[in-house]
file target_37.txt (compact mmCIF, C-alpha atoms and all ligand atoms)
# COMPACT_ATOMS: atom_id res chain seq x y z
CA MET A 1 -279.36 51.10 -145.16
CA ILE A 2 -276.85 49.76 -142.62
CA THR A 3 -273.76 51.69 -141.54
CA VAL A 4 -270.83 49.66 -140.27
CA VAL A 5 -268.67 51.94 -138.12
CA GLY A 6 -265.08 50.71 -138.12
CA GLY A 7 -263.11 49.10 -140.91
CA GLY A 8 -260.81 46.76 -139.04
CA LEU A 9 -261.07 43.12 -140.05
CA VAL A 10 -264.31 42.73 -138.08
CA GLY A 11 -266.07 45.70 -139.71
CA LEU A 12 -264.75 44.87 -143.19
CA ALA A 13 -265.88 41.25 -143.05
CA THR A 14 -269.23 42.23 -141.54
CA ALA A 15 -269.82 44.75 -144.33
CA LEU A 16 -268.82 42.14 -146.91
CA ARG A 17 -271.15 39.43 -145.62
CA LEU A 18 -274.06 41.89 -145.51
CA ALA A 19 -273.37 43.38 -148.95
CA ASP A 20 -272.94 39.90 -150.44
CA ARG A 21 -276.46 39.12 -149.22
CA GLY A 22 -277.88 42.17 -150.93
CA HIS A 23 -278.04 44.62 -148.02
CA ASP A 24 -277.36 48.29 -148.70
CA VAL A 25 -274.16 48.89 -146.70
CA THR A 26 -271.98 51.90 -145.90
CA LEU A 27 -268.67 51.53 -144.08
CA GLN A 28 -267.26 54.45 -142.10
CA ASP A 29 -263.61 54.61 -141.03
CA PRO A 30 -261.06 57.44 -141.44
CA SER A 31 -258.32 54.90 -142.03
CA PRO A 32 -259.52 51.33 -142.61
CA ALA A 33 -257.34 48.49 -141.28
CA SER A 34 -255.11 50.86 -139.33
CA GLY A 35 -256.05 49.55 -135.86
CA ALA A 36 -255.14 46.25 -134.21
CA THR A 37 -255.72 44.53 -137.56
CA HIS A 38 -252.62 46.20 -139.03
CA HIS A 39 -250.38 44.65 -136.37
CA ALA A 40 -251.98 41.26 -135.81
CA GLY A 41 -250.23 37.95 -136.28
CA GLY A 42 -253.24 36.45 -138.03
CA MET A 43 -253.26 33.06 -136.35
CA LEU A 44 -256.60 31.27 -136.51
CA ALA A 45 -255.80 29.24 -133.44
CA PRO A 46 -258.81 28.07 -131.45
CA VAL A 47 -256.76 25.25 -129.93
CA ALA A 48 -253.27 26.70 -129.38
CA GLU A 49 -254.76 29.88 -127.93
CA VAL A 50 -256.90 28.27 -125.25
CA VAL A 51 -256.52 30.10 -121.99
CA TYR A 52 -257.24 28.36 -118.68
CA ARG A 53 -260.60 29.30 -117.17
CA GLN A 54 -261.75 31.00 -120.37
CA GLU A 55 -264.25 28.25 -121.23
CA PRO A 56 -266.98 30.62 -122.54
CA LEU A 57 -264.56 31.64 -125.31
CA PHE A 58 -263.89 28.13 -126.61
CA PRO A 59 -267.17 27.54 -128.48
CA LEU A 60 -266.90 31.00 -130.05
CA MET A 61 -263.35 30.35 -131.24
CA LEU A 62 -264.10 26.86 -132.55
CA ARG A 63 -267.25 28.03 -134.32
CA SER A 64 -265.37 30.91 -135.93
CA ALA A 65 -262.64 28.56 -137.19
CA GLU A 66 -265.39 26.43 -138.78
CA LEU A 67 -266.90 29.50 -140.42
CA TYR A 68 -263.60 30.76 -141.89
CA PRO A 69 -263.55 28.73 -145.12
CA GLY A 70 -267.07 29.97 -145.90
CA LEU A 71 -266.06 33.59 -145.28
CA LEU A 72 -263.05 33.15 -147.56
CA ARG A 73 -265.29 31.73 -150.29
CA VAL A 74 -267.41 34.89 -150.13
CA VAL A 75 -264.25 37.02 -150.35
CA GLU A 76 -263.04 35.04 -153.38
CA LYS A 77 -266.36 35.65 -155.15
CA HIS A 78 -265.63 39.38 -155.22
CA THR A 79 -261.84 39.78 -155.45
CA ASP A 80 -258.78 38.02 -156.82
CA LEU A 81 -256.51 39.51 -154.15
CA PRO A 82 -254.82 37.04 -151.78
CA THR A 83 -255.65 36.67 -148.08
CA GLY A 84 -252.52 34.78 -147.01
CA TYR A 85 -254.70 31.89 -145.79
CA ARG A 86 -252.51 28.89 -144.94
CA THR A 87 -253.62 25.55 -143.57
CA GLU A 88 -250.34 23.78 -142.79
CA GLY A 89 -251.22 23.73 -139.09
CA THR A 90 -249.29 24.74 -136.01
CA LEU A 91 -246.46 23.24 -133.97
CA VAL A 92 -246.16 24.16 -130.31
CA VAL A 93 -242.74 23.49 -128.83
CA ALA A 94 -241.06 23.68 -125.44
CA ALA A 95 -237.57 25.08 -124.91
CA ASP A 96 -236.70 23.27 -121.66
CA ARG A 97 -238.05 20.60 -119.31
CA ALA A 98 -240.23 22.97 -117.30
CA ASP A 99 -241.69 24.29 -120.55
CA ALA A 100 -242.30 20.69 -121.66
CA THR A 101 -244.28 20.06 -118.47
CA HIS A 102 -246.32 23.19 -119.15
CA LEU A 103 -246.91 22.05 -122.74
CA ALA A 104 -248.00 18.57 -121.60
CA GLU A 105 -250.48 20.08 -119.13
CA LEU A 106 -251.85 22.38 -121.80
CA SER A 107 -252.29 19.43 -124.20
CA GLU A 108 -254.22 17.53 -121.54
CA TYR A 109 -256.43 20.55 -120.96
CA GLN A 110 -257.04 20.87 -124.72
CA ALA A 111 -257.83 17.15 -124.97
CA SER A 112 -260.26 17.42 -122.04
CA HIS A 113 -262.17 19.97 -124.15
CA ALA A 114 -262.25 17.62 -127.17
CA MET A 115 -259.61 19.62 -129.06
CA THR A 116 -257.06 17.91 -131.32
CA ALA A 117 -253.45 18.41 -130.20
CA GLU A 118 -251.06 15.52 -130.95
CA ARG A 119 -247.84 15.11 -128.97
CA LEU A 120 -244.96 14.51 -131.35
CA PRO A 121 -241.51 13.02 -130.82
CA LEU A 122 -238.95 15.77 -131.41
CA ARG A 123 -237.46 13.92 -134.33
CA GLN A 124 -240.84 14.00 -136.05
CA ALA A 125 -241.32 17.69 -135.26
CA ARG A 126 -237.93 18.40 -136.81
CA SER A 127 -238.77 16.38 -139.88
CA LEU A 128 -241.82 18.65 -140.31
CA GLU A 129 -239.77 21.79 -139.60
CA PRO A 130 -236.03 21.14 -140.03
CA ALA A 131 -235.17 24.67 -138.85
CA LEU A 132 -236.31 23.88 -135.30
CA SER A 133 -233.53 23.79 -132.72
CA PRO A 134 -232.29 20.25 -131.93
CA GLN A 135 -232.30 21.25 -128.27
CA LEU A 136 -236.04 21.48 -127.69
CA ALA A 137 -237.74 19.52 -124.92
CA GLY A 138 -241.18 18.79 -126.35
CA ALA A 139 -243.53 19.32 -129.31
CA VAL A 140 -247.24 19.19 -130.07
CA HIS A 141 -248.88 19.31 -133.49
CA ILE A 142 -252.20 21.13 -133.90
CA PRO A 143 -253.38 20.42 -137.45
CA GLY A 144 -256.54 22.55 -137.26
CA ASP A 145 -254.92 25.89 -136.30
CA HIS A 146 -254.42 27.93 -139.47
CA GLN A 147 -253.53 31.52 -140.40
CA VAL A 148 -254.31 34.51 -142.60
CA ASN A 149 -252.17 37.55 -143.30
CA PRO A 150 -254.30 40.33 -141.75
CA ARG A 151 -252.89 43.13 -143.92
CA LEU A 152 -253.46 41.16 -147.13
CA PHE A 153 -256.85 39.99 -145.93
CA ALA A 154 -257.95 43.55 -145.14
CA ALA A 155 -256.79 44.75 -148.58
CA ALA A 156 -258.72 41.88 -150.21
CA LEU A 157 -261.83 42.75 -148.20
CA LEU A 158 -261.60 46.42 -149.21
CA ASP A 159 -261.31 45.38 -152.85
CA ALA A 160 -264.29 43.04 -152.49
CA LEU A 161 -266.34 45.84 -150.91
CA SER A 162 -265.49 48.10 -153.80
CA THR A 163 -266.60 45.39 -156.28
CA LEU A 164 -269.88 45.15 -154.39
CA GLY A 165 -270.39 48.92 -154.50
CA VAL A 166 -270.21 49.44 -150.73
CA ARG A 167 -269.79 53.16 -149.94
CA ILE A 168 -266.77 53.92 -147.80
CA ILE A 169 -266.85 57.17 -145.83
CA ARG A 170 -263.28 57.94 -144.82
CA GLU A 171 -264.22 60.04 -141.82
CA ARG A 172 -264.27 59.42 -138.12
CA ALA A 173 -267.76 58.97 -136.62
CA ASP A 174 -268.07 61.39 -133.70
CA ALA A 175 -271.56 60.16 -132.87
CA LEU A 176 -273.64 57.17 -133.89
CA PRO A 177 -274.81 57.63 -137.48
CA GLU A 178 -278.55 57.75 -138.19
CA GLY A 179 -280.40 54.53 -138.94
CA HIS A 180 -279.19 50.96 -138.52
CA VAL A 181 -275.63 50.79 -137.22
CA ILE A 182 -273.14 48.04 -136.50
CA LEU A 183 -270.55 49.38 -134.10
CA ALA A 184 -267.34 47.57 -135.02
CA ASN A 185 -264.72 50.20 -134.35
CA GLY A 186 -262.57 48.29 -131.88
CA LEU A 187 -261.35 50.42 -128.99
CA GLY A 188 -263.20 53.45 -130.40
CA ALA A 189 -266.60 51.91 -129.62
CA SER A 190 -266.72 53.05 -125.99
CA ALA A 191 -266.73 56.70 -127.15
CA LEU A 192 -269.89 56.06 -129.19
CA HIS A 193 -271.91 53.83 -126.87
CA ALA A 194 -272.07 54.03 -123.08
CA GLY A 195 -271.24 51.04 -120.91
CA LEU A 196 -268.56 49.36 -123.05
CA LYS A 197 -265.47 48.95 -120.88
CA LEU A 198 -262.70 48.65 -123.45
CA ARG A 199 -259.01 48.98 -122.66
CA PRO A 200 -255.89 48.82 -124.85
CA VAL A 201 -253.63 45.81 -124.30
CA TYR A 202 -250.47 46.56 -126.26
CA GLY A 203 -248.61 43.95 -128.24
CA ASP A 204 -245.19 44.34 -129.87
CA ILE A 205 -244.63 42.29 -133.01
CA LEU A 206 -241.72 41.99 -135.46
CA ARG A 207 -241.46 41.28 -139.16
CA LEU A 208 -238.37 39.54 -140.48
CA GLY A 209 -237.32 38.75 -144.04
CA VAL A 210 -236.02 35.25 -144.75
CA PRO A 211 -232.91 35.44 -146.97
CA ALA A 212 -233.06 33.44 -150.21
CA HIS A 213 -230.61 30.77 -149.08
CA LEU A 214 -232.78 29.89 -146.03
CA GLN A 215 -236.19 29.86 -147.73
CA PRO A 216 -238.51 28.54 -146.61
CA LEU A 217 -237.21 28.74 -143.07
CA LEU A 218 -240.59 27.52 -141.76
CA THR A 219 -243.72 26.22 -143.44
CA ARG A 220 -246.17 26.30 -140.54
CA VAL A 221 -246.79 28.44 -137.48
CA VAL A 222 -244.40 27.62 -134.64
CA ARG A 223 -245.44 28.65 -131.17
CA GLY A 224 -243.41 27.95 -128.11
CA PHE A 225 -242.68 28.46 -124.45
CA VAL A 226 -239.21 29.64 -123.55
CA GLU A 227 -238.68 29.69 -119.77
CA ASP A 228 -242.43 30.12 -119.51
CA ARG A 229 -242.57 33.06 -121.93
CA PRO A 230 -244.82 32.52 -124.95
CA VAL A 231 -243.51 33.39 -128.41
CA TYR A 232 -244.71 32.63 -131.93
CA LEU A 233 -243.26 32.62 -135.43
CA ILE A 234 -245.63 32.93 -138.38
CA PRO A 235 -244.24 32.21 -141.85
CA ARG A 236 -245.99 34.25 -144.54
CA THR A 237 -246.41 33.48 -148.22
CA ASP A 238 -244.12 36.46 -149.04
CA ASP A 239 -241.04 34.91 -147.35
CA THR A 240 -241.37 37.02 -144.24
CA ILE A 241 -241.88 35.77 -140.70
CA ALA A 242 -243.86 37.56 -138.01
CA VAL A 243 -242.49 37.13 -134.50
CA GLY A 244 -244.76 38.06 -131.63
CA ALA A 245 -246.04 39.17 -129.35
CA THR A 246 -245.82 40.89 -126.01
CA SER A 247 -248.78 41.81 -123.85
CA ARG A 248 -248.62 44.94 -121.75
CA GLU A 249 -250.95 47.56 -120.34
CA ASP A 250 -248.49 50.39 -119.78
CA ASP A 251 -249.97 52.92 -122.21
CA ARG A 252 -246.78 53.04 -124.28
CA PRO A 253 -247.97 52.55 -127.84
CA VAL A 254 -244.54 52.16 -129.47
CA PRO A 255 -242.24 49.10 -129.61
CA ARG A 256 -240.21 48.70 -126.42
CA THR A 257 -236.53 47.97 -126.93
CA GLY A 258 -236.61 45.24 -124.29
CA ALA A 259 -239.61 43.62 -125.95
CA VAL A 260 -237.85 43.48 -129.32
CA HIS A 261 -234.83 41.96 -127.62
CA ASP A 262 -236.87 39.35 -125.73
CA LEU A 263 -238.88 38.30 -128.78
CA LEU A 264 -235.74 37.86 -130.90
CA ARG A 265 -233.91 35.98 -128.15
CA ASP A 266 -236.81 33.58 -127.58
CA ALA A 267 -237.55 33.08 -131.28
CA THR A 268 -233.87 32.32 -131.92
CA ARG A 269 -233.89 29.75 -129.14
CA LEU A 270 -236.64 27.85 -130.96
CA VAL A 271 -235.43 28.47 -134.52
CA PRO A 272 -231.73 29.43 -134.59
CA GLY A 273 -231.91 30.52 -138.26
CA ILE A 274 -233.88 33.58 -137.12
CA GLU A 275 -230.50 35.17 -136.41
CA GLU A 276 -229.77 35.29 -140.13
CA CYS A 277 -233.03 36.98 -141.12
CA ASP A 278 -233.41 40.60 -142.20
CA PHE A 279 -235.02 42.85 -139.61
CA LEU A 280 -237.84 44.63 -141.46
CA GLU A 281 -240.18 46.09 -138.87
CA ALA A 282 -241.23 46.34 -135.24
CA THR A 283 -244.71 47.66 -134.50
CA THR A 284 -247.08 47.88 -131.56
CA GLY A 285 -250.81 47.35 -131.76
CA ALA A 286 -253.54 47.85 -129.17
CA ARG A 287 -255.83 44.86 -128.65
CA PRO A 288 -259.35 45.87 -127.66
CA GLY A 289 -259.68 44.17 -124.27
CA THR A 290 -262.74 43.85 -122.01
CA PRO A 291 -262.85 43.15 -118.24
CA ASP A 292 -263.59 39.43 -118.77
CA ASP A 293 -261.70 39.05 -122.09
CA LEU A 294 -264.93 38.15 -123.88
CA PRO A 295 -266.24 40.20 -126.81
CA TYR A 296 -269.19 42.56 -126.82
CA LEU A 297 -271.43 41.07 -129.49
CA GLY A 298 -275.17 41.50 -129.71
CA ARG A 299 -278.10 43.74 -130.50
CA VAL A 300 -278.63 46.48 -127.91
CA ASN A 301 -281.64 48.21 -129.45
CA GLU A 302 -283.68 48.33 -132.62
CA ASN A 303 -281.01 50.33 -134.45
CA LEU A 304 -277.75 49.21 -132.91
CA ILE A 305 -275.66 46.04 -132.99
CA VAL A 306 -272.37 46.10 -131.07
CA SER A 307 -269.43 43.98 -132.29
CA THR A 308 -266.14 44.75 -130.55
CA GLY A 309 -263.85 43.73 -127.68
CA TYR A 310 -262.26 40.83 -129.60
CA PHE A 311 -259.03 41.27 -127.65
CA ARG A 312 -256.41 38.62 -128.59
CA HIS A 313 -258.64 36.69 -130.95
CA GLY A 314 -260.20 39.25 -133.26
CA ILE A 315 -258.71 37.86 -136.46
CA LEU A 316 -259.99 34.40 -135.62
CA LEU A 317 -263.34 35.72 -134.35
CA THR A 318 -263.91 37.86 -137.46
CA ALA A 319 -265.77 35.04 -139.22
CA LEU A 320 -268.10 34.57 -136.25
CA ALA A 321 -268.60 38.31 -135.76
CA ALA A 322 -269.62 38.77 -139.39
CA ASP A 323 -271.90 35.74 -139.37
CA VAL A 324 -273.65 36.74 -136.14
CA ALA A 325 -274.16 40.28 -137.48
CA VAL A 326 -275.88 38.86 -140.57
CA HIS A 327 -278.22 36.78 -138.39
CA LEU A 328 -278.98 39.71 -136.09
CA VAL A 329 -279.75 41.99 -139.04
CA GLU A 330 -281.95 39.38 -140.70
CA GLY A 331 -283.62 38.30 -137.45
CA THR A 332 -282.51 34.67 -137.74
CA ASP A 333 -280.89 32.36 -135.18
CA PRO A 334 -277.07 32.69 -135.09
CA GLY A 335 -276.90 29.10 -133.84
CA ILE A 336 -274.62 29.93 -130.92
CA ASP A 337 -275.27 31.07 -127.37
CA LEU A 338 -274.20 34.71 -127.11
CA ALA A 339 -275.28 35.29 -123.49
CA ALA A 340 -271.65 35.66 -122.34
CA CYS A 341 -271.09 38.38 -124.98
CA ASN A 342 -273.94 40.68 -123.92
CA PRO A 343 -272.65 44.20 -124.71
CA HIS A 344 -274.33 45.63 -121.60
CA ARG A 345 -272.94 43.14 -119.07
CA HIS A 346 -270.49 45.69 -117.62
CA LYS A 347 -272.89 48.62 -117.64
CA GLU A 348 -273.32 50.20 -114.21
C1 LIG A 401 -249.52 42.26 -131.82
C2 LIG A 401 -250.89 41.67 -132.01
C3 LIG A 401 -251.02 40.38 -132.49
C4 LIG A 401 -252.29 39.82 -132.66
N1 LIG A 401 -252.37 38.55 -133.18
C5 LIG A 401 -253.59 37.99 -133.36
C6 LIG A 401 -253.70 36.70 -133.94
O1 LIG A 401 -252.70 36.08 -134.30
N2 LIG A 401 -254.94 36.16 -134.07
C7 LIG A 401 -256.07 36.82 -133.69
O2 LIG A 401 -257.17 36.26 -133.83
N3 LIG A 401 -256.00 38.07 -133.17
C8 LIG A 401 -254.79 38.67 -132.99
N4 LIG A 401 -254.70 39.92 -132.46
C9 LIG A 401 -255.93 40.60 -132.04
C10 LIG A 401 -256.60 41.27 -133.23
O3 LIG A 401 -255.66 42.06 -133.91
C11 LIG A 401 -257.77 42.15 -132.80
O4 LIG A 401 -258.62 41.47 -131.90
C12 LIG A 401 -258.59 42.53 -134.05
O5 LIG A 401 -257.75 43.12 -135.02
C13 LIG A 401 -259.72 43.46 -133.70
O6 LIG A 401 -260.30 43.84 -134.93
P1 LIG A 401 -261.36 45.01 -134.98
O7 LIG A 401 -261.79 45.12 -136.40
O8 LIG A 401 -262.41 44.77 -133.94
O9 LIG A 401 -260.57 46.30 -134.49
P2 LIG A 401 -259.41 47.14 -135.17
O10 LIG A 401 -258.59 46.33 -136.08
O11 LIG A 401 -258.70 47.84 -134.06
O12 LIG A 401 -260.17 48.19 -136.07
C14 LIG A 401 -260.93 49.23 -135.54
C15 LIG A 401 -261.15 50.24 -136.66
O13 LIG A 401 -262.10 51.21 -136.20
C16 LIG A 401 -261.71 52.47 -136.69
N5 LIG A 401 -262.31 53.47 -135.80
C17 LIG A 401 -262.04 53.72 -134.50
N6 LIG A 401 -262.82 54.71 -134.04
C18 LIG A 401 -263.62 55.09 -135.08
C19 LIG A 401 -264.65 56.06 -135.23
N7 LIG A 401 -265.03 56.85 -134.21
N8 LIG A 401 -265.26 56.18 -136.43
C20 LIG A 401 -264.91 55.38 -137.47
N9 LIG A 401 -263.94 54.44 -137.38
C21 LIG A 401 -263.31 54.30 -136.20
C22 LIG A 401 -260.18 52.45 -136.68
O14 LIG A 401 -259.66 53.39 -137.62
C23 LIG A 401 -259.89 51.01 -137.05
O15 LIG A 401 -259.67 50.86 -138.45
C24 LIG A 401 -253.46 40.54 -132.31
C25 LIG A 401 -253.33 41.84 -131.86
C26 LIG A 401 -252.07 42.42 -131.71
C27 LIG A 401 -251.95 43.84 -131.25
call {"tool": "encode", "arguments": {"input": "target_37.txt", "output": "structure tokens"}}
result
Amino acid sequence: MITVVGGGLVGLATALRLADRGHDVTLQDPSPASGATHHAGGMLAPVAEVVYRQEPLFPLMLRSAELYPGLLRVVEKHTDLPTGYRTEGTLVVAADRADATHLAELSEYQASHAMTAERLPLRQARSLEPALSPQLAGAVHIPGDHQVNPRLFAAALLDALSTLGVRIIRERADALPEGHVILANGLGASALHAGLKLRPVYGDILRLGVPAHLQPLLTRVVRGFVEDRPVYLIPRTDDTIAVGATSREDDRPVPRTGAVHDLLRDATRLVPGIEECDFLEATTGARPGTPDDLPYLGRVNENLIVSTGYFRHGILLTALAADVAVHLVEGTDPGIDLAACNPHRHKE
């Protein structure tokens, strides 16, 4: 029997992959999908989300994007619920000339790592997304960056687990359970295993409703730089748009007024129609960060596999996390170098 501690997207997908392969799985979480997963944008963006000098992350992100369709096929075997998966791609735009320079440099960096990011004339970008402001200074199309809706995806995974007969213990684990354990409880993992240096990196994110006369305001993810500030707009299948996200380490786990203001101002600069949307929600989630922004993923002893610290990319990295866990449980080769993810690399 294997106990997966933590029912965020990582734990849910890990439990699903294992149960689908016939393993006897229990999932333990007092409130599944209530952590970072509940707040996440859901972009599967291995290209748009490249961060300078984070090269060890790139192969993990690209591999996870490749694994996503397979994970979704397993989900679809066991539930009819939607995941909000959309493959229209991503546009990255620049608000002014300095932002356009930044965008051009980023595209060159992406190209130097064999990633596909096509510079587009603005007219072409606006023919793809007519709601974009006519005043933008640059645009790049990234066809391979997709999205899921994390709340829908988590609900679908829970339904699939129930179909598969996975036991769900809705209690907090105060110590490691007996037997084989996969520790996938996000920020909570450091309380259950020594040496994991996790910290909360808060992100504010908004949900807007697109009024009927503007639908669909957008059809693909639009990311942008506005006076060097990043912002993104994610159109969902339910005619809402997520606008995110801030990044702050100030231990204030509620939406900041200034953050809501900044996100709306910057989103409106890229897509003026945002001003006419309904304001539905502002929430704040805590990303599970590590000192080097790389996950903790690997086997640490005969009984324990650690799978946490997915920071900004945990929705994308869910497919990889679940796949690696299956290989580690079954003693097969995950087919990817995990040396940079050693869970004990920050242990003193
Ligand atoms: C605003 C925002 C936007 C984001 N956008 C994106 C995005 O677009 N793309 C992307 O890839 N990533 C994104 N992320 C990051 C992503 O949300 C996280 O990396 C990911 O959700 C981590 O998933 P997880 O399952 O590891 O952890 P979580 O979702 O945090 O889940 C941890 C679970 O463990 C449970 N738990 C904790 N302690 C215990 C315990 N002791 N016993 C039992 N259960 C326990 C909790 O109840 C929770 O359900 C975003 C994050 C934020 C905050």
call {"tool": "closest_residue", "arguments": {"input": "target_37.txt", "among": "A:Val306, A:Ala154, A:Leu9, A:Ala242", "to": "A:Val222", "atoms": "all atoms listed in the file"}}
result
A:Ala242
call {"tool": "atom_distance", "arguments": {"input": "target_37.txt", "atom1": "atom CA of A:Arg207", "atom2": "atom CA of A:Pro235"}}
result
9.9 Å
call {"tool": "closest_atom_pairs", "arguments": {"input": "target_37.txt", "of": "chain A", "to": "ligand LIG 401 (chain A)", "cutoff": "6 Å", "atoms": "only C-alpha atoms and all ligand atoms", "output": "CSV"}}
result
residue,atom,partner,partner_atom,distance
A:Val5,CA,A:LIG401,C20,5.1
A:Gly6,CA,A:LIG401,O13,3.6
A:Gly7,CA,A:LIG401,O15,4.6
A:Gly8,CA,A:LIG401,O7,3.3
A:Leu9,CA,A:LIG401,O7,4.2
A:Val10,CA,A:LIG401,O7,3.9
A:Gly11,CA,A:LIG401,O7,5.4
A:Gln28,CA,A:LIG401,C20,5.3
A:Asp29,CA,A:LIG401,N9,3.7
A:Pro30,CA,A:LIG401,O14,5.7
A:Ser31,CA,A:LIG401,O14,4.9
A:Pro32,CA,A:LIG401,O15,4.2
A:Ala33,CA,A:LIG401,O15,4.4
A:Ser34,CA,A:LIG401,O15,4.6
A:Gly35,CA,A:LIG401,O11,3.6
A:Ala36,CA,A:LIG401,O11,3.9
A:Thr37,CA,A:LIG401,O5,3.5
A:His39,CA,A:LIG401,C1,5.2
A:Ala40,CA,A:LIG401,C4,3.5
A:Gly41,CA,A:LIG401,O1,3.7
A:Gly42,CA,A:LIG401,O1,3.8
A:Met43,CA,A:LIG401,O1,3.7
A:Leu44,CA,A:LIG401,O2,5.7
A:Arg172,CA,A:LIG401,N8,3.8
A:Ala173,CA,A:LIG401,N8,3.8
A:Asp174,CA,A:LIG401,N7,5.5
A:Ala184,CA,A:LIG401,O8,5.8
A:Asn185,CA,A:LIG401,O13,3.4
A:Gly186,CA,A:LIG401,O9,3.8
A:Gly188,CA,A:LIG401,N6,3.9
A:Tyr202,CA,A:LIG401,C27,5.9
A:Gly203,CA,A:LIG401,C1,4.1
A:Asp204,CA,A:LIG401,C1,5.2
A:Ile205,CA,A:LIG401,C1,5.0
A:Ala245,CA,A:LIG401,C1,5.3
A:Gly285,CA,A:LIG401,C27,3.7
A:Ala286,CA,A:LIG401,C27,4.8
A:Arg287,CA,A:LIG401,C27,4.8
A:Thr308,CA,A:LIG401,O8,5.0
A:Tyr310,CA,A:LIG401,O4,4.4
A:Phe311,CA,A:LIG401,O4,4.3
A:Arg312,CA,A:LIG401,C9,4.0
A:His313,CA,A:LIG401,O2,3.3
A:Gly314,CA,A:LIG401,O4,3.0
A:Ile315,CA,A:LIG401,O2,3.4
A:Leu316,CA,A:LIG401,O2,3.8
call {"tool": "closest_residue", "arguments": {"input": "target_37.txt", "among": "A:Asp333, A:Gln215, A:Leu27, A:Gly258", "to": "A:Asp238", "atoms": "only C-alpha atoms"}}
result
A:Gln215
call {"tool": "residues_around", "arguments": {"input": "target_37.txt", "residues": "A:Leu187", "least_positions_apart": "4", "cutoff": "7 Å", "atoms": "only C-alpha atoms", "output": "list in words"}}
result
Leu198, Arg199 and Pro288 of chain A
call {"tool": "residues_around", "arguments": {"input": "target_37.txt", "residues": "A:Glu227", "least_positions_apart": "3", "cutoff": "12 Å", "atoms": "only C-alpha atoms", "output": "PyMOL selection string"}}
result
chain A and resi 93-103+136-137+224+230-231+262+265-266+269-270
call {"tool": "atom_distance", "arguments": {"input": "target_37.txt", "atom1": "atom CA of A:Asp145", "atom2": "atom CA of A:Ala321"}}
result
18.5 Å
call {"tool": "closest_residue", "arguments": {"input": "target_37.txt", "among": "A:Ala117, A:Val324, A:Val25, A:Val271", "to": "A:Ile336", "atoms": "only C-alpha atoms"}}
result
A:Val324
